[in-house]
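Novice: Next up is a structure, given as structure tokens.
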Amino acid sequence: MPLQITRAPLASGSVETWALNDPASRNALSEPMVDALLAACERAAADADLRGVVLRGAGGHFCAGGSLDGFAKTIGQPLAADEADPLVPLNRRFGTLLQALCALPQWLIVAVEGAAMGGGFGLVCCADRVLAHSSAQFATPEVTLGIVPAQIAPFVVRRLGPAAARRCLLTGERWDAAAAQRYGLVDDVVHGDMDAAVQAAIARHAAAAPQAVAATKRLLLAQTERPLPTLLDDAAVAFAQALRGPEAPQGLAAFAARKAPPWGANS
């Protein structure tokens with residue numbers, strides 16, 4: 001089961017914990033996991049009793065990013081003439097998930113332990129409140145692998161602002177929890193028990209009226225200047241082109257061999 005959902009009562013209504021549940025891959029975002037999260041979002045959007053969602057990872061990590069297992073045969077392979085690229089809708093589906101998480105009418109708390117990389121970083125950017133254990137690590141390493149951080153880019157900009165977004169997206173540098181808090185990704189750094197911190201955050205958010213929360217979140221989402229679907233469509237094409245190009249096989253092979261990629265050998 002790629003997503004474990006547990007429900008607990010509040011004084012009024014209830015709260016759910018959605019746990020990414022593939023510890024062997026550090027909860028990489030496989031197609032089944034993305035599908036399960038989308039289904040959970042669709043159900044939650046129509047659940048009047050649900051007050052909030054806590055998104056976590058199982059096994060000591062939040063999320064290692066996108067799983068490339070489904071793309072393995074396409075890496076470095078050009079398209080045939082006039083062939084529609086199947087990578088585009090696959091990548092675009094993750095953007096649909098990020099939109100759905102941002103559009104949840106409930107408050108969304110993300111609790112990060114261990115790694116939050118790539119697509120996992122994107123999930124964090126959808127939160128209304130982010131808790132990070134002091135040992136957590138954050139990065140968007142796509143460009144160091146020859147890949148475009150396609151679907152997460154607009155959400156990173158929305159969360160961090162352009163300057164900090166450029167810093168992380170264009171370098172792939174790793175942030176600890178304290179740095180992530182300085183740049184605006186993390187709200188609270190947790191030095192002790194994460195479960196206790198999550199319960200405290202739930203208590204703070206439970207004080208807000210559900211319909212007011214839903215209406216406020218709709219107002220916040222309406223501030224986007226450029227139509228997000230158009231931007232994400234373009235981003236999906238950029239992702240597919242990068243994965244089929246010459247840099248991705250070199251970068252991924254270097255990563256697997258624990259070596260610097262050709263463009264990072266002297267860094």
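All residue names refer to the structure tokens as shown: chains lettered A, B, ... in order, residues numbered from 1 in each chain, ligands numbered from 1 in order.
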DSSP on the backbone: what in segment 32-202 of chain A comes out helix (DSSP H, G or I), as JSON, numbers by chain?
Specialist: {"A": [32, 33, 34, 35, 36, 37, 38, 39, 40, 41, 42, 43, 44, 45, 69, 70, 71, 72, 73, 74, 87, 88, 89, 90, 91, 92, 93, 94, 95, 96, 97, 98, 99, 100, 101, 102, 119, 120, 121, 122, 123, 124, 142, 143, 144, 145, 153, 154, 155, 156, 157, 158, 159, 160, 162, 163, 164, 165, 166, 167, 168, 169, 170, 171, 177, 178, 179, 180, 181, 182, 194, 195, 196, 197, 198, 199, 200, 201, 202]}
Novice: Could you give me, as a Markdown table, a per-residue list for segment 148-203 of chain A showing, wherever an atom lies at most 8 Å from an atom of segment 112-130 of chain A, the closest pair of atoms and their distance in Å to one decimal, using only C-alpha atoms and sorting by chain then residue number from low to high?
Specialist:
| residue | atom | partner | partner_atom | distance |
| --- | --- | --- | --- | --- |
| A:Pro149 | CA | A:Gly118 | CA | 7.2 |
| A:Ile152 | CA | A:Gly122 | CA | 4.9 |
| A:Ala153 | CA | A:Gly122 | CA | 7.8 |
| A:Phe155 | CA | A:Cys125 | CA | 6.0 |
| A:Val156 | CA | A:Cys125 | CA | 6.0 |
| A:Arg158 | CA | A:Cys125 | CA | 8.0 |
| A:Arg159 | CA | A:Cys125 | CA | 5.7 |
| A:Leu185 | CA | A:Cys125 | CA | 6.9 |
| A:Val186 | CA | A:Val130 | CA | 5.1 |
| A:Asp187 | CA | A:Val130 | CA | 5.2 |
| A:Asp188 | CA | A:Val130 | CA | 6.5 |
Novice: Enumerate, in order of chain and increasing residue number, the residues of segment 82-184 of chain A with an atom no farther than 10 Å from segment 47-53 of chain A, each with its shortest atom pair and distance in Å to one decimal, counting only C-alpha atoms, as CSV.
Specialist:
residue,atom,partner,partner_atom,distance
A:Leu101,CA,A:Val53,CA,9.9
A:Leu104,CA,A:Gly52,CA,9.0
A:Pro105,CA,A:Gly52,CA,8.5
A:Gln106,CA,A:Gly52,CA,4.8
A:Trp107,CA,A:Gly52,CA,4.8
A:Leu108,CA,A:Val53,CA,4.9
A:Ile109,CA,A:Val53,CA,6.2
A:Val110,CA,A:Val53,CA,8.4
A:Ala127,CA,A:Val53,CA,9.7
Novice: Kindly export the residues of the current selection with N, CA, C and O atoms, as a CSV table (one decimal), in the first residue's frame.
Specialist:
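Resulting contents of selection-v3.csv:
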chain,number,residue,atom,x,y,z
A,101,LEU,N,-3.2,19.2,-4.0
A,101,LEU,CA,-2.8,19.4,-2.6
A,101,LEU,C,-2.9,20.9,-2.2
A,101,LEU,O,-3.4,21.2,-1.1
A,104,LEU,N,-6.6,21.8,-1.6
A,104,LEU,CA,-7.4,21.1,-0.5
A,104,LEU,C,-8.1,22.2,0.3
A,104,LEU,O,-7.5,23.2,0.7
A,105,PRO,N,-9.4,22.0,0.6
A,105,PRO,CA,-10.1,23.0,1.4
A,105,PRO,C,-9.7,22.9,2.9
A,105,PRO,O,-10.0,23.8,3.7
A,106,GLN,N,-9.1,21.8,3.3
A,106,GLN,CA,-8.6,21.7,4.6
A,106,GLN,C,-7.2,22.2,4.8
A,106,GLN,O,-6.5,22.4,3.8
A,107,TRP,N,-6.8,22.5,6.0
A,107,TRP,CA,-5.3,22.9,6.2
A,107,TRP,C,-4.5,21.6,6.0
A,107,TRP,O,-4.9,20.5,6.3
A,108,LEU,N,-3.3,21.8,5.4
A,108,LEU,CA,-2.4,20.8,5.1
A,108,LEU,C,-1.1,21.0,5.9
A,108,LEU,O,-0.4,22.0,5.6
A,109,ILE,N,-0.7,20.1,6.8
A,109,ILE,CA,0.5,20.2,7.6
A,109,ILE,C,1.4,19.1,7.0
A,109,ILE,O,1.1,18.0,6.8
A,110,VAL,N,2.7,19.5,6.6
A,110,VAL,CA,3.7,18.5,6.2
A,110,VAL,C,4.7,18.4,7.3
A,110,VAL,O,5.3,19.4,7.7
A,127,ALA,N,2.3,22.9,1.3
A,127,ALA,CA,1.8,22.8,2.7
A,127,ALA,C,1.3,24.2,3.1
A,127,ALA,O,1.8,25.3,2.7
Novice: Would you give me, as a ChimeraX atom specification, the residues in segment 115-169 of chain A that DSSP reads as strand (DSSP E or B)?
Specialist: /A:115-117,129-133,137-139
Novice: Deliver the residues from the most recent selection as a file, using C-alpha atoms, as a short mmCIF file (atom, residue, chain, number, x, y, z; two decimals), in the first residue's frame.
Specialist:
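Output below, filename out-v6.cif:
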data_model
loop_
_atom_site.label_atom_id
_atom_site.label_comp_id
_atom_site.auth_asym_id
_atom_site.auth_seq_id
_atom_site.Cartn_x
_atom_site.Cartn_y
_atom_site.Cartn_z
CA ALA A 115 15.14 13.48 3.10
CA ALA A 116 12.76 15.72 1.13
CA MET A 117 14.27 15.73 -2.35
CA ARG A 129 2.48 24.66 7.60
CA VAL A 130 5.80 22.79 7.41
CA LEU A 131 7.44 21.09 10.37
CA ALA A 132 10.95 19.76 9.88
CA HIS A 133 13.02 17.68 12.25
CA GLN A 137 17.60 17.52 4.52
CA PHE A 138 16.10 19.33 1.53
CA ALA A 139 17.26 19.65 -2.08
#
Novice: Please provide the set of residues having any atom within 10 Å of segment 70-81 of chain A, restricted to only C-alpha atoms, with same-chain residues fewer than 3 positions apart removed, written as a list in words.
Specialist: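 The neighbour list is Ser30, Glu31, Ser67, Ala84, Asp85, Pro86, Leu87, Leu90, Ala240, Gln241, Ala242, Leu243, Arg244, Gly245, Pro246, Glu247, Ala248, Pro249, Gln250 and Leu252 of chain A.
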Novice: Using all heavy atoms, can you write the selected residues to a file as a compact mmCIF listing (two decimals), in the first residue's frame?
Specialist:
# COMPACT_ATOMS: atom_id res chain seq x y z
N SER A 30 6.35 6.96 -6.93
CA SER A 30 5.98 6.05 -8.00
C SER A 30 4.61 6.43 -8.55
O SER A 30 3.86 7.20 -7.94
CB SER A 30 5.94 4.62 -7.49
OG SER A 30 4.94 4.50 -6.48
N GLU A 31 4.26 5.87 -9.71
CA GLU A 31 2.92 6.12 -10.26
C GLU A 31 1.82 5.68 -9.29
O GLU A 31 0.84 6.43 -9.11
CB GLU A 31 2.78 5.43 -11.61
CG GLU A 31 3.56 6.09 -12.73
CD GLU A 31 3.30 5.42 -14.06
OE1 GLU A 31 2.12 5.36 -14.48
OE2 GLU A 31 4.27 4.92 -14.67
N SER A 67 10.19 8.77 -8.75
CA SER A 67 10.74 7.47 -9.15
C SER A 67 10.89 7.45 -10.66
O SER A 67 9.94 7.74 -11.39
CB SER A 67 9.80 6.35 -8.70
OG SER A 67 10.21 5.12 -9.24
N ALA A 84 4.06 11.22 -30.49
CA ALA A 84 3.68 11.91 -29.27
C ALA A 84 4.46 11.32 -28.10
O ALA A 84 4.59 10.10 -27.98
CB ALA A 84 2.18 11.77 -29.03
N ASP A 85 4.98 12.16 -27.26
CA ASP A 85 5.84 11.70 -26.17
C ASP A 85 5.00 11.27 -24.97
O ASP A 85 4.34 12.11 -24.33
CB ASP A 85 6.81 12.81 -25.75
CG ASP A 85 7.98 12.27 -24.95
OD1 ASP A 85 7.82 11.25 -24.26
OD2 ASP A 85 9.07 12.88 -25.03
N PRO A 86 5.01 10.00 -24.59
CA PRO A 86 4.23 9.55 -23.42
C PRO A 86 4.76 10.08 -22.10
O PRO A 86 4.07 10.01 -21.08
CB PRO A 86 4.34 8.02 -23.49
CG PRO A 86 5.63 7.76 -24.22
CD PRO A 86 5.74 8.88 -25.23
N LEU A 87 6.00 10.59 -22.10
CA LEU A 87 6.54 11.14 -20.86
C LEU A 87 5.81 12.41 -20.43
O LEU A 87 5.75 12.72 -19.23
CB LEU A 87 8.02 11.47 -21.03
CG LEU A 87 8.98 10.30 -21.21
CD1 LEU A 87 10.39 10.82 -21.47
CD2 LEU A 87 8.96 9.40 -20.00
N LEU A 90 2.71 11.68 -18.26
CA LEU A 90 3.16 11.07 -17.01
C LEU A 90 3.70 12.12 -16.05
O LEU A 90 3.37 12.15 -14.86
CB LEU A 90 4.24 10.02 -17.29
CG LEU A 90 3.78 8.66 -17.81
CD1 LEU A 90 4.99 7.78 -18.15
CD2 LEU A 90 2.90 7.96 -16.77
N ALA A 240 10.32 16.08 -20.34
CA ALA A 240 10.45 14.95 -21.26
C ALA A 240 11.66 15.12 -22.18
O ALA A 240 12.42 14.18 -22.43
CB ALA A 240 9.17 14.81 -22.07
N GLN A 241 11.86 16.35 -22.68
CA GLN A 241 12.99 16.60 -23.58
C GLN A 241 14.32 16.40 -22.85
O GLN A 241 15.26 15.84 -23.41
CB GLN A 241 12.89 18.02 -24.14
CG GLN A 241 11.75 18.20 -25.13
CD GLN A 241 11.57 19.64 -25.57
OE1 GLN A 241 12.04 20.58 -24.90
NE2 GLN A 241 10.90 19.85 -26.68
N ALA A 242 14.39 16.84 -21.60
CA ALA A 242 15.63 16.68 -20.84
C ALA A 242 15.92 15.21 -20.56
O ALA A 242 17.07 14.76 -20.65
CB ALA A 242 15.54 17.45 -19.53
N LEU A 243 14.88 14.44 -20.24
CA LEU A 243 15.09 13.03 -19.91
C LEU A 243 15.54 12.24 -21.13
O LEU A 243 16.29 11.26 -21.01
CB LEU A 243 13.80 12.44 -19.35
CG LEU A 243 13.95 11.22 -18.45
CD1 LEU A 243 14.78 11.54 -17.22
CD2 LEU A 243 12.59 10.68 -18.04
N ARG A 244 15.12 12.66 -22.32
CA ARG A 244 15.51 11.97 -23.55
C ARG A 244 16.83 12.48 -24.13
O ARG A 244 17.37 11.92 -25.07
CB ARG A 244 14.41 12.12 -24.60
CG ARG A 244 13.14 11.36 -24.24
CD ARG A 244 12.12 11.42 -25.35
NE ARG A 244 10.91 10.72 -25.00
CZ ARG A 244 10.74 9.40 -25.07
NH1 ARG A 244 11.74 8.64 -25.47
NH2 ARG A 244 9.59 8.85 -24.75
N GLY A 245 17.34 13.56 -23.60
CA GLY A 245 18.54 14.18 -24.15
C GLY A 245 19.81 13.56 -23.64
O GLY A 245 19.80 12.53 -22.94
N PRO A 246 20.98 14.16 -23.93
CA PRO A 246 22.27 13.56 -23.59
C PRO A 246 22.68 13.70 -22.13
O PRO A 246 23.49 12.90 -21.64
CB PRO A 246 23.25 14.32 -24.50
CG PRO A 246 22.61 15.66 -24.69
CD PRO A 246 21.13 15.40 -24.73
N GLU A 247 22.16 14.69 -21.42
CA GLU A 247 22.65 14.93 -20.07
C GLU A 247 22.09 13.94 -19.05
O GLU A 247 22.80 13.52 -18.13
CB GLU A 247 22.32 16.36 -19.63
CG GLU A 247 23.13 17.42 -20.35
CD GLU A 247 22.83 18.81 -19.82
OE1 GLU A 247 21.78 18.99 -19.18
OE2 GLU A 247 23.65 19.71 -20.06
N ALA A 248 20.82 13.56 -19.19
CA ALA A 248 20.20 12.70 -18.19
C ALA A 248 20.92 11.36 -18.02
O ALA A 248 21.21 10.95 -16.90
CB ALA A 248 18.72 12.48 -18.52
N PRO A 249 21.24 10.62 -19.10
CA PRO A 249 21.95 9.36 -18.88
C PRO A 249 23.31 9.55 -18.22
O PRO A 249 23.73 8.74 -17.39
CB PRO A 249 22.08 8.76 -20.28
CG PRO A 249 21.77 9.85 -21.23
CD PRO A 249 20.87 10.81 -20.52
N GLN A 250 24.01 10.65 -18.57
CA GLN A 250 25.32 10.90 -17.94
C GLN A 250 25.16 11.23 -16.46
O GLN A 250 25.88 10.71 -15.61
CB GLN A 250 26.01 12.05 -18.66
CG GLN A 250 26.34 11.80 -20.11
CD GLN A 250 26.93 13.03 -20.79
OE1 GLN A 250 27.81 13.69 -20.26
NE2 GLN A 250 26.42 13.36 -21.95
N LEU A 252 22.60 10.59 -14.40
CA LEU A 252 22.07 9.48 -13.61
C LEU A 252 23.11 8.38 -13.43
O LEU A 252 23.20 7.76 -12.36
CB LEU A 252 20.80 8.94 -14.25
CG LEU A 252 19.62 9.92 -14.22
CD1 LEU A 252 18.51 9.44 -15.16
CD2 LEU A 252 19.10 10.08 -12.81
Novice: For the atom pair atom CA of Ala212 of chain A and atom CA of Pro227 of chain A, what is the interatomic distance in Å to one decimal place?
Specialist: 24.8 Å
Novice: If we count only C-alpha atoms, what is near Ala254 of chain A at a cut-off of 10 Å, once residues fewer than 6 positions away on the same chain are taken out, given as a PyMOL selection string?
Specialist: chain A and resi 144-145+248+260-262
Novice: I need the residue nearest Thr96 of chain A from this list: A:Arg26, A:Glu42, A:Leu160, A:Ser12. Use only C-alpha atoms for the distance.
Specialist: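 When distances to Thr96 of chain A are compared using only C-alpha atoms, the smallest one comes from A:Glu42.
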Novice: Which is closer to Leu228 of chain A than all the others in A:Pro154, A:Ala197, A:Trp263, A:Val213, using only C-alpha atoms?
Specialist: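 For Leu228 of chain A, the nearest of the candidates is A:Pro154.
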Novice: At what distance in Å, to one decimal, does atom CA of Leu38 of chain A lie from atom CA of Ser25 of chain A?
Specialist: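 Between atom CA of Ser25 of chain A and atom CA of Leu38 of chain A the gap is 19.8 Å.
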Novice: May I ask which of the residues A:Ala111, A:Ala207, A:Cys168, A:Ala58 is the closest one to Gly13 of chain A, counting only C-alpha atoms?
Specialist: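 Of the candidates, the smallest distance to Gly13 of chain A is held by A:Ala207.
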Novice: For Ala165 of chain A, which residue out of A:Ala46, A:Ala180, A:Ala40, A:Leu220 is the nearest one, using only C-alpha atoms?
Specialist: A:Ala180
Novice: Interatomic distance between atom CA of Ala64 of chain A and atom CA of Ala24 of chain A?
Specialist: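 It comes out at 10.5 Å.
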Novice: Pick from A:Ala206, A:Arg93, A:Asp195, A:Cys63: nearest to Thr140 of chain A, with only C-alpha atoms counted?
Specialist: A:Cys63
Novice: Rank nothing, just name the residue among A:Thr171, A:Asn21, A:Gln223, A:Ser135 nearest to Gly59 of chain A, using only C-alpha atoms.
Specialist: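 Using only C-alpha atoms, the shortest distance to Gly59 of chain A belongs to A:Asn21.
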Novice: Tell me which protein, DNA and RNA residues are within 9 Å of Tyr183 of chain A, counting only C-alpha atoms, leaving out same-chain ones fewer than 4 positions away, and put them as an MDAnalysis selection string.
Specialist: chainID A and resid 160 164 178:179
Novice: What would the file look like if the residues just selected were written as a CSV table (one decimal), in the first residue's frame with N, CA and C atoms?
Specialist:
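Everything below was put into part-v6.csv:
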chain,number,residue,atom,x,y,z
A,160,LEU,N,8.8,30.1,-2.1
A,160,LEU,CA,10.0,30.7,-1.6
A,160,LEU,C,10.2,32.1,-2.2
A,164,ALA,N,15.1,32.9,-3.9
A,164,ALA,CA,15.5,31.6,-3.2
A,164,ALA,C,15.2,30.4,-4.1
A,178,ALA,N,17.6,24.2,9.4
A,178,ALA,CA,17.7,25.6,9.7
A,178,ALA,C,17.8,26.5,8.5
A,179,ALA,N,18.5,26.0,7.5
A,179,ALA,CA,18.6,26.8,6.2
A,179,ALA,C,17.3,26.9,5.5
Novice: Could you pull the residues within 8 Å of Leu37 of chain A, counting only C-alpha atoms, minus those fewer than 3 positions along the same chain, as an NGL selection string?
Specialist: :A and (3 or 33-34 or 40-41 or 97)
Novice: Those residues you just picked out, can you put them in a file as a PDB file, in the first residue's frame with N, CA, C and O atoms?
Specialist:
ATOM      1  N   LEU A   3       0.226   4.365   0.143  1.00  0.00           N
ATOM      2  CA  LEU A   3      -0.207   5.473   0.988  1.00  0.00           C
ATOM      3  C   LEU A   3      -1.062   4.907   2.118  1.00  0.00           C
ATOM      4  O   LEU A   3      -2.074   4.255   1.871  1.00  0.00           O
ATOM      5  N   MET A  33       1.891   5.620  -6.078  1.00  0.00           N
ATOM      6  CA  MET A  33       1.809   6.567  -4.962  1.00  0.00           C
ATOM      7  C   MET A  33       1.142   7.867  -5.391  1.00  0.00           C
ATOM      8  O   MET A  33       0.301   8.426  -4.668  1.00  0.00           O
ATOM      9  N   VAL A  34       1.496   8.366  -6.570  1.00  0.00           N
ATOM     10  CA  VAL A  34       0.867   9.584  -7.079  1.00  0.00           C
ATOM     11  C   VAL A  34      -0.631   9.366  -7.263  1.00  0.00           C
ATOM     12  O   VAL A  34      -1.458  10.218  -6.884  1.00  0.00           O
ATOM     13  N   ALA A  40      -6.818  10.397  -2.747  1.00  0.00           N
ATOM     14  CA  ALA A  40      -7.046  10.914  -1.396  1.00  0.00           C
ATOM     15  C   ALA A  40      -7.466  12.381  -1.445  1.00  0.00           C
ATOM     16  O   ALA A  40      -8.356  12.815  -0.699  1.00  0.00           O
ATOM     17  N   CYS A  41      -6.843  13.157  -2.316  1.00  0.00           N
ATOM     18  CA  CYS A  41      -7.204  14.566  -2.454  1.00  0.00           C
ATOM     19  C   CYS A  41      -8.639  14.719  -2.958  1.00  0.00           C
ATOM     20  O   CYS A  41      -9.400  15.568  -2.455  1.00  0.00           O
ATOM     21  N   LEU A  97      -1.282  16.582  -9.187  1.00  0.00           N
ATOM     22  CA  LEU A  97      -1.286  16.263  -7.757  1.00  0.00           C
ATOM     23  C   LEU A  97      -0.904  17.486  -6.933  1.00  0.00           C
ATOM     24  O   LEU A  97      -1.541  17.790  -5.910  1.00  0.00           O
TER      25      LEU A  97
END
